[in-house]
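So this one's model.cif, mmCIF, C-alpha atoms:
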data_start
loop_
_atom_site.label_atom_id
_atom_site.label_comp_id
_atom_site.auth_asym_id
_atom_site.auth_seq_id
_atom_site.Cartn_x
_atom_site.Cartn_y
_atom_site.Cartn_z
CA MET A 9 32.39 -22.98 19.08
CA GLN A 10 31.16 -19.90 20.88
CA GLY A 11 27.64 -20.61 19.62
CA GLN A 12 27.95 -24.10 21.00
CA THR A 13 28.95 -22.71 24.42
CA ALA A 14 26.07 -20.24 24.37
CA GLN A 15 23.66 -23.07 23.61
CA GLU A 16 25.12 -25.18 26.41
CA GLU A 17 24.69 -22.22 28.74
CA ASP A 18 21.05 -21.93 27.66
CA VAL A 19 20.49 -25.64 28.33
CA ALA A 20 22.02 -25.33 31.82
CA VAL A 21 19.93 -22.25 32.65
CA ILE A 22 16.73 -23.88 31.39
CA SER A 23 17.43 -26.93 33.56
CA ARG A 24 17.90 -24.70 36.61
CA VAL A 25 14.69 -22.76 35.86
CA LEU A 26 12.78 -26.02 35.53
CA ALA A 27 14.28 -27.17 38.81
CA GLY A 28 12.64 -24.18 40.48
CA GLU A 29 15.27 -21.43 40.18
CA VAL A 30 12.82 -18.84 38.85
CA ASN A 31 15.32 -15.94 39.05
CA ASP A 32 17.63 -17.66 36.55
CA PHE A 33 15.10 -16.90 33.84
CA GLU A 34 16.38 -13.33 33.94
CA TYR A 35 19.55 -14.55 32.19
CA LEU A 36 17.43 -15.71 29.21
CA LEU A 37 15.39 -12.52 29.36
CA GLU A 38 18.51 -10.34 29.29
CA LYS A 39 20.15 -12.39 26.56
CA TYR A 40 17.21 -12.60 24.16
CA LYS A 41 15.18 -9.44 24.78
CA GLY A 42 17.00 -7.61 21.96
CA TYR A 43 16.28 -10.46 19.58
CA VAL A 44 12.58 -10.57 20.52
CA PHE A 45 12.27 -6.78 20.28
CA SER A 46 13.86 -6.80 16.81
CA ILE A 47 11.23 -9.33 15.62
CA LEU A 48 8.33 -7.47 17.21
CA GLN A 49 9.41 -4.01 16.01
CA ARG A 50 9.00 -5.10 12.41
CA HIS A 51 5.56 -6.60 12.92
CA LEU A 52 3.87 -4.28 15.39
CA PRO A 53 3.15 -0.59 15.97
CA GLY A 54 5.90 0.94 18.16
CA ASP A 55 3.70 1.53 21.20
CA GLU A 56 2.62 -2.12 21.35
CA VAL A 57 6.09 -3.72 21.23
CA GLU A 58 6.80 -3.68 24.98
CA ASP A 59 3.47 -5.19 25.99
CA VAL A 60 3.71 -7.96 23.41
CA ALA A 61 7.36 -8.64 24.34
CA HIS A 62 6.21 -9.00 27.94
CA ASP A 63 3.58 -11.56 26.79
CA VAL A 64 6.19 -13.41 24.71
CA PHE A 65 8.46 -14.00 27.71
CA ILE A 66 5.59 -14.95 30.01
CA ARG A 67 4.37 -17.42 27.38
CA ALA A 68 7.89 -18.79 26.95
CA TYR A 69 8.29 -19.21 30.71
CA ARG A 70 4.98 -21.05 31.07
CA SER A 71 5.71 -23.31 28.08
CA LEU A 72 9.29 -24.09 29.13
CA PRO A 73 8.43 -27.62 30.39
CA THR A 74 7.17 -28.50 26.88
CA LEU A 75 10.45 -27.47 25.18
CA LYS A 76 12.06 -30.70 23.98
CA ASN A 77 15.19 -29.41 22.20
CA ARG A 78 16.63 -27.09 24.82
CA SER A 79 19.61 -26.07 22.69
CA GLY A 80 17.14 -24.64 20.16
CA PHE A 81 15.72 -22.14 22.66
CA LYS A 82 16.38 -19.14 20.38
CA ASN A 83 14.38 -20.55 17.45
CA TRP A 84 11.65 -21.67 19.80
CA LEU A 85 11.45 -18.17 21.27
CA ALA A 86 11.27 -16.65 17.76
CA SER A 87 8.36 -18.95 16.99
CA ILE A 88 6.59 -17.82 20.19
CA ALA A 89 7.23 -14.17 19.25
CA VAL A 90 5.69 -14.65 15.78
CA LYS A 91 2.71 -16.56 17.18
CA THR A 92 2.11 -13.88 19.82
CA THR A 93 2.26 -11.22 17.08
CA TYR A 94 -0.30 -13.16 15.08
CA ASP A 95 -2.56 -13.41 18.17
CA PHE A 96 -2.21 -9.64 18.63
CA TRP A 97 -3.37 -8.94 15.08
CA ARG A 98 -6.16 -11.47 15.33
CA ARG A 99 -7.47 -9.65 18.45
CA GLN A 100 -7.16 -6.29 16.69
CA TYR A 101 -9.13 -7.48 13.68
CA ARG A 102 -11.77 -9.10 15.91
CA ASN A 103 -12.19 -5.82 17.78
CA ARG A 104 -12.03 -3.94 14.45
CA GLU A 105 -9.27 -1.67 15.70
CA VAL A 106 -7.33 -1.72 12.45
CA ALA A 107 -7.77 1.65 10.80
CA MET A 108 -8.98 1.42 7.20
CA SER A 109 -7.06 4.44 6.00
CA ALA A 110 -7.38 5.54 2.40
CA LEU A 111 -4.34 5.81 0.19
CA SER A 112 -3.45 9.44 -0.40
CA THR A 113 -2.75 10.94 -3.84
CA LYS A 114 0.85 11.38 -2.74
CA ASN A 115 1.14 7.63 -2.04
CA ARG A 116 -0.48 6.80 -5.39
CA ASN A 117 1.92 9.09 -7.21
CA TRP A 118 4.81 7.48 -5.38
CA LEU A 119 3.71 4.02 -6.55
CA GLU A 120 3.37 5.26 -10.13
CA ASP A 121 6.83 6.89 -9.95
CA ILE A 122 8.35 3.58 -8.99
CA LEU A 123 6.71 1.83 -11.91
CA ALA A 124 7.62 4.58 -14.39
CA ASP A 125 11.22 4.83 -13.27
CA VAL A 126 13.74 2.66 -15.08
CA SER A 127 17.18 3.82 -13.98
CA ASN A 128 18.47 2.43 -10.74
CA GLN A 129 19.88 5.75 -9.58
CA SER A 130 16.62 7.65 -9.64
CA PHE A 131 14.99 4.54 -8.24
CA GLN A 132 17.06 5.14 -5.12
CA ALA A 133 15.99 8.78 -5.09
CA ILE A 134 12.31 7.96 -4.94
CA ASN A 135 12.91 5.20 -2.46
CA ASP A 136 11.14 7.05 0.30
CA ARG A 137 10.67 4.80 3.28
CA LYS A 138 7.85 6.83 4.78
CA ASP A 139 5.69 6.43 1.69
CA ALA A 140 6.50 2.73 1.57
CA ARG A 141 5.46 2.26 5.18
CA GLU A 142 2.22 4.15 4.56
CA ILE A 143 1.42 1.94 1.58
CA LEU A 144 2.20 -1.18 3.61
CA ASP A 145 -0.05 -0.02 6.46
CA TRP A 146 -2.80 0.74 3.97
CA ALA A 147 -2.46 -2.71 2.37
CA PHE A 148 -2.28 -4.52 5.73
CA SER A 149 -5.50 -2.87 6.88
CA ARG A 150 -7.19 -4.62 3.95
CA LEU A 151 -5.75 -8.04 4.64
CA SER A 152 -6.79 -10.56 7.29
CA ALA A 153 -4.51 -11.32 10.26
CA LYS A 154 -3.36 -14.56 8.60
CA GLU A 155 -2.69 -12.87 5.26
CA ARG A 156 -0.84 -10.10 7.06
CA MET A 157 1.53 -12.54 8.81
CA ILE A 158 2.14 -14.49 5.60
CA ILE A 159 2.92 -11.34 3.60
CA GLN A 160 5.24 -10.06 6.33
CA LEU A 161 7.19 -13.30 6.67
CA ILE A 162 7.34 -14.58 3.09
CA TYR A 163 6.86 -11.57 0.82
CA LEU A 164 8.75 -8.94 2.83
CA GLU A 165 11.24 -10.87 4.95
CA GLY A 166 11.96 -13.63 2.42
CA PHE A 167 11.33 -16.66 4.64
CA SER A 168 10.66 -19.93 2.85
CA GLY A 169 7.25 -21.59 3.18
CA LYS A 170 8.78 -24.21 5.46
CA GLU A 171 10.41 -21.63 7.76
CA ALA A 172 7.23 -19.56 7.95
CA ALA A 173 5.25 -22.71 8.74
CA ARG A 174 7.63 -23.52 11.61
CA LEU A 175 7.39 -19.99 13.02
CA LEU A 176 3.61 -19.85 12.80
CA GLY A 177 2.99 -23.46 13.81
CA TRP A 178 0.95 -24.12 10.64
CA SER A 179 1.41 -26.85 8.04
CA THR A 180 3.67 -26.07 5.06
CA ALA A 181 0.82 -26.79 2.63
CA ASN A 182 -1.44 -24.35 4.49
CA VAL A 183 1.25 -21.65 4.37
CA LYS A 184 1.84 -22.18 0.64
CA VAL A 185 -1.86 -21.92 -0.22
CA ARG A 186 -2.34 -18.85 1.97
CA SER A 187 0.83 -17.28 0.60
CA PHE A 188 -0.41 -17.64 -2.98
CA ARG A 189 -3.80 -16.12 -2.14
CA ALA A 190 -2.36 -13.32 0.01
CA ARG A 191 0.16 -12.30 -2.64
CA LYS A 192 -2.56 -12.28 -5.28
CA LYS A 193 -4.74 -10.13 -3.05
CA LEU A 194 -1.89 -7.69 -2.37
CA ARG A 195 -1.10 -7.47 -6.06
CA ASN A 196 -4.76 -6.73 -6.84
CA LEU A 197 -4.79 -4.05 -4.14
CA LEU A 198 -1.70 -2.36 -5.58
CA GLU A 199 -3.06 -2.74 -9.13
CA GLY A 200 -6.21 -0.89 -8.14
CA GLN A 201 -4.15 2.13 -7.12
CA VAL A 202 -2.02 2.47 -10.22
CA LYS A 203 -3.34 4.42 -13.18
CA LEU A 204 -0.36 4.19 -15.54
CA MET B 28 -4.71 -1.41 -15.18
CA THR B 29 -2.85 -4.72 -14.96
CA LEU B 30 0.34 -4.59 -12.97
CA SER B 31 3.17 -6.27 -14.87
CA THR B 32 5.39 -8.83 -13.13
CA ALA B 33 8.40 -6.51 -13.52
CA GLY B 34 6.43 -3.60 -12.06
CA HIS B 35 5.25 -5.71 -9.18
CA ARG B 36 8.83 -6.85 -8.53
CA LYS B 37 9.97 -3.20 -8.35
CA ILE B 38 7.28 -2.35 -5.83
CA LYS B 39 8.09 -5.46 -3.82
CA LYS B 40 11.78 -4.51 -3.68
CA VAL B 41 11.05 -1.02 -2.35
CA LEU B 42 8.51 -2.29 0.17
CA SER B 43 10.89 -5.00 1.41
CA VAL B 44 13.69 -2.46 1.94
CA ALA B 45 11.34 -0.18 3.88
CA TRP B 46 10.12 -3.15 5.90
CA ALA B 47 13.63 -4.28 6.82
CA GLU B 48 14.45 -0.88 8.27
CA GLN B 49 13.94 -1.19 11.95
CA THR B 50 12.75 1.68 14.00
CA GLU B 51 15.03 1.64 17.02
CA SER B 52 12.86 1.77 20.07
CA LYS B 53 14.54 1.03 23.36
CA GLU B 54 12.46 -0.65 26.00
CA ARG B 55 11.62 1.20 29.19
CA GLN B 56 14.10 0.66 32.00
CA THR B 57 11.37 -0.85 34.11
CA TRP B 58 10.29 -3.31 31.42
CA GLN B 59 12.67 -6.12 32.44
CA ALA B 60 11.90 -5.68 36.13
CA CYS B 61 8.14 -5.76 35.42
CA THR B 62 8.44 -8.94 33.36
CA MET B 63 10.57 -10.67 36.01
CA ARG B 64 8.15 -9.60 38.75
CA ARG B 65 5.32 -11.24 36.80
CA ILE B 66 7.38 -14.41 36.30
CA ARG B 67 8.22 -14.59 40.01
CA ARG B 68 4.51 -14.22 40.75
CA ILE B 69 3.81 -17.26 38.53
CA GLY B 70 6.30 -19.18 40.65
CA PRO B 71 8.28 -22.37 39.95
CA LEU B 72 7.09 -24.41 37.01
CA ASN B 73 5.47 -27.78 37.38
CA ASN B 74 7.95 -29.88 35.45
CA HIS B 75 6.02 -33.12 35.88
CA PRO B 76 3.22 -33.87 33.42
CA GLY B 77 -0.27 -34.17 34.85
CA TYR B 78 -2.03 -37.47 35.61
CA PHE B 79 -4.12 -37.52 32.42
CA LEU B 80 -1.09 -36.62 30.30
CA GLN B 81 0.86 -39.49 31.85
CA VAL B 82 -2.01 -41.93 31.23
CA GLY B 83 -2.27 -40.62 27.65
CA GLN B 84 1.43 -41.21 27.09
CA LYS B 85 1.45 -44.69 28.62
CA ILE B 86 -1.75 -46.02 27.07
CA TRP B 87 -0.13 -46.03 23.62
CA ARG B 88 2.37 -48.62 24.83
CA LEU B 89 -0.53 -51.06 25.01
CA ALA B 90 -1.37 -50.54 21.32
CA PRO B 91 0.83 -53.44 20.03
CA VAL B 92 -0.67 -55.77 22.63
CA ALA B 93 -4.18 -54.72 21.58
CA CYS B 94 -3.31 -55.36 17.92
CA ILE B 95 -1.95 -58.84 18.68
CA LEU B 96 -5.06 -59.61 20.73
CA ILE B 97 -7.37 -58.51 17.88
CA ILE B 98 -5.45 -60.64 15.35
CA ALA B 99 -5.50 -63.68 17.70
CA LEU B 100 -9.26 -63.35 18.36
CA THR B 101 -9.98 -62.97 14.63
CA ALA B 102 -7.94 -66.09 13.90
CA MET B 103 -9.79 -67.97 16.63
CA VAL B 104 -13.20 -66.96 15.27
CA ILE B 105 -12.23 -67.97 11.73
CA HIS B 106 -10.79 -71.23 12.99
CA ALA B 107 -13.97 -72.01 14.99
CA ASP B 108 -16.02 -71.71 11.78
CA PHE B 109 -18.14 -68.98 13.27
CA ILE B 110 -20.73 -67.46 10.94
CA PRO B 111 -22.52 -64.42 12.46
CA GLU B 112 -25.73 -64.96 10.43
CA ASP B 113 -26.06 -68.51 11.79
CA ALA B 114 -25.52 -67.31 15.34
CA VAL B 115 -28.32 -64.73 14.95
CA LEU B 116 -30.66 -67.35 13.49
CA THR B 117 -29.89 -69.72 16.37
CA VAL B 118 -30.85 -67.02 18.87
CA PHE B 119 -34.26 -66.55 17.26
CA ASP B 120 -34.80 -70.22 16.53
CA TYR B 121 -36.81 -70.81 19.71
CA ASN B 122 -40.15 -72.40 19.99
CA MET B 123 -42.03 -69.34 21.16
CA GLU B 124 -44.76 -71.47 22.86
CA GLU B 125 -42.22 -73.10 25.18
CA LEU B 126 -40.33 -69.92 25.89
CA THR B 127 -40.49 -69.05 29.55
CA LEU B 128 -39.90 -65.69 31.17
CA LYS B 129 -36.67 -67.13 32.56
CA GLN B 130 -35.38 -67.76 29.02
CA VAL B 131 -36.43 -64.32 27.81
CA VAL B 132 -34.58 -62.63 30.64
CA GLY B 133 -31.64 -64.92 30.02
CA LEU B 134 -31.40 -66.58 33.39
#

Please rewrite the model in this file as C-alpha cells.
Amino acid sequence: MQGQTAQEEDVAVISRVLAGEVNDFEYLLEKYKGYVFSILQRHLPGDEVEDVAHDVFIRAYRSLPTLKNRSGFKNWLASIAVKTTYDFWRRQYRNREVAMSALSTKNRNWLEDILADVSNQSFQAINDRKDAREILDWAFSRLSAKERMIIQLIYLEGFSGKEAARLLGWSTANVKVRSFRARKKLRNLLEGQVKL
Amino acid sequence: MTLSTAGHRKIKKVLSVAWAEQTESKERQTWQACTMRRIRRIGPLNNHPGYFLQVGQKIWRLAPVACILIIALTAMVIHADFIPEDAVLTVFDYNMEELTLKQVVGL
C-alpha cells in the first residue's frame, strides 16, 4: 500500500515537473539518488560515480516527456543508469583509457586455491574480496564494453536475459547471444590463468 | 588447462560475492545542488511533441484508408480488363510517318 502511495506521489511530482515546476524535480532527485548511486557504485570506478550520477539525472529530466508509464519511474531510472554506465565504458574503450593490467602471481595463486579447495569452511577463508576485485578488473579490461555490461548484469548480478535486455534497451535475443559469447570469453580468460 | 564446470562455478560464486559488496561512497554535499542548478539552467520541459513528430503520429491513421483505396483501385483495374502489355503496345502503335510534334509532346 505504501509502495502504491509512493508511486502515486511520483506520478504527481512528474506531472508538476512537466507542467513547468522545475524545482519539484529535486523531490525525485532526493528520493532516488541513493538507488542510482548503488547501481553506479557496482559498475564504475569510485571517482566516476558522482559525474555519471549527475548525467543520469540530467538525462532522466530531459527524457521525462517520453516516459509513458509514470508509476514505473524507478525502473525507468534504473534503465537510464545502466545505459549511461554502458555509454561511459564505451567512451573509455574508444579513448583506450582502460588499463590492460596483467594478472599478478598472487591473483593466479588465489584462483588456483579456489579451484583446489573443496571444504566450504576454508573456501570462506580464501574468499578475499580484494583479490576477486583485481581479477574482475583484469578480466573486464580484456572484454568489450558490451561484454562487460552483459557479464556484470547476468553473470555477476544474476539478472535474467529479459531483465538485462530491458535495462540496456537491447533485444532479448541480442542479449542472449552476447551473454553466451561473453561468458565463453571470460571462461577462456580464467582458464588461461590456471595451471592446476 | 581446461576449467571444469564445477571449478568455473566456484570462481563465479566468489566473484559474484565480491561484486555484490558495495563500496560505500557518499556523494559530495554539493552534488545535489550542482545537479539541480544544471536542471534549472535547462529550464521547463517542452511537453508538447514537435511538428514533425505530430505529423508522424497522425499520418499512420491514414494507413487503413490508403489500404482500402489500393484494394478498390486494384479491383477496378481487374474489372476494367486492363492488361499492361496491351497498353504499352497501344502507346507505340502509332504510324510514325503521321506523328506530329504535337503528338510526341503529348499536347

Counting only C-alpha atoms, which residues in chain B sit no more than 8 Å from chain A? For each one, give the nearest pair of atoms and the distance in Å, sorted by chain then residue number, as JSON lines.
{"residue": "B:Met28", "atom": "CA", "partner": "A:Lys203", "partner_atom": "CA", "distance": 6.3}
{"residue": "B:Thr29", "atom": "CA", "partner": "A:Glu199", "partner_atom": "CA", "distance": 6.2}
{"residue": "B:Leu30", "atom": "CA", "partner": "A:Glu199", "partner_atom": "CA", "distance": 5.5}
{"residue": "B:Gly34", "atom": "CA", "partner": "A:Leu123", "partner_atom": "CA", "distance": 5.4}
{"residue": "B:His35", "atom": "CA", "partner": "A:Arg195", "partner_atom": "CA", "distance": 7.3}
{"residue": "B:Lys37", "atom": "CA", "partner": "A:Leu123", "partner_atom": "CA", "distance": 7.0}
{"residue": "B:Ile38", "atom": "CA", "partner": "A:Ile122", "partner_atom": "CA", "distance": 6.8}
{"residue": "B:Lys39", "atom": "CA", "partner": "A:Leu164", "partner_atom": "CA", "distance": 7.5}
{"residue": "B:Val41", "atom": "CA", "partner": "A:Asn135", "partner_atom": "CA", "distance": 6.5}
{"residue": "B:Leu42", "atom": "CA", "partner": "A:Ala140", "partner_atom": "CA", "distance": 5.6}
{"residue": "B:Ser43", "atom": "CA", "partner": "A:Leu164", "partner_atom": "CA", "distance": 4.7}
{"residue": "B:Val44", "atom": "CA", "partner": "A:Arg137", "partner_atom": "CA", "distance": 8.0}
{"residue": "B:Ala45", "atom": "CA", "partner": "A:Arg137", "partner_atom": "CA", "distance": 5.1}
{"residue": "B:Trp46", "atom": "CA", "partner": "A:Leu164", "partner_atom": "CA", "distance": 6.7}
{"residue": "B:Ala47", "atom": "CA", "partner": "A:Glu165", "partner_atom": "CA", "distance": 7.3}
{"residue": "B:Gln49", "atom": "CA", "partner": "A:Arg50", "partner_atom": "CA", "distance": 6.3}
{"residue": "B:Thr50", "atom": "CA", "partner": "A:Gln49", "partner_atom": "CA", "distance": 6.9}
{"residue": "B:Ser52", "atom": "CA", "partner": "A:Gly54", "partner_atom": "CA", "distance": 7.3}
{"residue": "B:Glu54", "atom": "CA", "partner": "A:Glu58", "partner_atom": "CA", "distance": 6.5}
{"residue": "B:Trp58", "atom": "CA", "partner": "A:Glu58", "partner_atom": "CA", "distance": 7.3}
{"residue": "B:Gln59", "atom": "CA", "partner": "A:Leu37", "partner_atom": "CA", "distance": 7.6}
{"residue": "B:Thr62", "atom": "CA", "partner": "A:His62", "partner_atom": "CA", "distance": 5.9}
{"residue": "B:Met63", "atom": "CA", "partner": "A:Glu34", "partner_atom": "CA", "distance": 6.7}
{"residue": "B:Arg65", "atom": "CA", "partner": "A:Ile66", "partner_atom": "CA", "distance": 7.7}
{"residue": "B:Ile66", "atom": "CA", "partner": "A:Ile66", "partner_atom": "CA", "distance": 6.6}
{"residue": "B:Arg67", "atom": "CA", "partner": "A:Val30", "partner_atom": "CA", "distance": 6.4}
{"residue": "B:Gly70", "atom": "CA", "partner": "A:Val30", "partner_atom": "CA", "distance": 6.8}
{"residue": "B:Pro71", "atom": "CA", "partner": "A:Gly28", "partner_atom": "CA", "distance": 4.8}
{"residue": "B:Leu72", "atom": "CA", "partner": "A:Leu26", "partner_atom": "CA", "distance": 6.1}
{"residue": "B:Asn73", "atom": "CA", "partner": "A:Pro73", "partner_atom": "CA", "distance": 7.6}
{"residue": "B:Asn74", "atom": "CA", "partner": "A:Pro73", "partner_atom": "CA", "distance": 5.6}

Keeping only C-alpha atoms, write the selected residues to a file as a short mmCIF file (atom, residue, chain, number, x, y, z; two decimals), in the coordinates of the input.
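Final file, result_33.cif:
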data_model
loop_
_atom_site.label_atom_id
_atom_site.label_comp_id
_atom_site.auth_asym_id
_atom_site.auth_seq_id
_atom_site.Cartn_x
_atom_site.Cartn_y
_atom_site.Cartn_z
CA MET B 28 -4.71 -1.41 -15.18
CA THR B 29 -2.85 -4.72 -14.96
CA LEU B 30 0.34 -4.59 -12.97
CA GLY B 34 6.43 -3.60 -12.06
CA HIS B 35 5.25 -5.71 -9.18
CA LYS B 37 9.97 -3.20 -8.35
CA ILE B 38 7.28 -2.35 -5.83
CA LYS B 39 8.09 -5.46 -3.82
CA VAL B 41 11.05 -1.02 -2.35
CA LEU B 42 8.51 -2.29 0.17
CA SER B 43 10.89 -5.00 1.41
CA VAL B 44 13.69 -2.46 1.94
CA ALA B 45 11.34 -0.18 3.88
CA TRP B 46 10.12 -3.15 5.90
CA ALA B 47 13.63 -4.28 6.82
CA GLN B 49 13.94 -1.19 11.95
CA THR B 50 12.75 1.68 14.00
CA SER B 52 12.86 1.77 20.07
CA GLU B 54 12.46 -0.65 26.00
CA TRP B 58 10.29 -3.31 31.42
CA GLN B 59 12.67 -6.12 32.44
CA THR B 62 8.44 -8.94 33.36
CA MET B 63 10.57 -10.67 36.01
CA ARG B 65 5.32 -11.24 36.80
CA ILE B 66 7.38 -14.41 36.30
CA ARG B 67 8.22 -14.59 40.01
CA GLY B 70 6.30 -19.18 40.65
CA PRO B 71 8.28 -22.37 39.95
CA LEU B 72 7.09 -24.41 37.01
CA ASN B 73 5.47 -27.78 37.38
CA ASN B 74 7.95 -29.88 35.45
#

Given the PyMOL selection byres ((chain A and resi 150-159) around 6) and the file above, list the residues it selects as an MDAnalysis selection string.
chainID A and resid 97:98 147:149 160:163 187 190

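Interatomic distance, atom CA of Val185 of chain A to atom CA of Leu85 of chain A: 25.6 Å.
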
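Counting from atom CA of Ala33 of chain B, the distance to atom CA of Thr113 of chain A is 22.9 Å.
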
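Picture a line from atom CA of Cys61 of chain B to atom CA of Gln100 of chain A; it runs 24.2 Å.
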
Expanded to explicit residues, what is the PyMOL selection byres ((chain A and resi 80) around 12) for this file, as a list in words?
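What the PyMOL selection byres ((chain A and resi 80) around 12) grabs from the file is Gly11, Gln12, Ala14, Gln15, Glu16, Glu17, Asp18, Val19, Ile22, Leu72, Leu75, Lys76, Asn77, Arg78, Ser79, Phe81, Lys82, Asn83, Trp84, Leu85, Ala86 and Ser87 of chain A.
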
Of the listed residues A:Ala181, A:Ile88, A:Asp145, A:Arg99, that which approaches Asn115 of chain A most closely, counting all atoms listed in the file:
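Going through A:Ala181, A:Ile88, A:Asp145, A:Arg99 one by one, the smallest distance to Asn115 of chain A is for A:Asp145.
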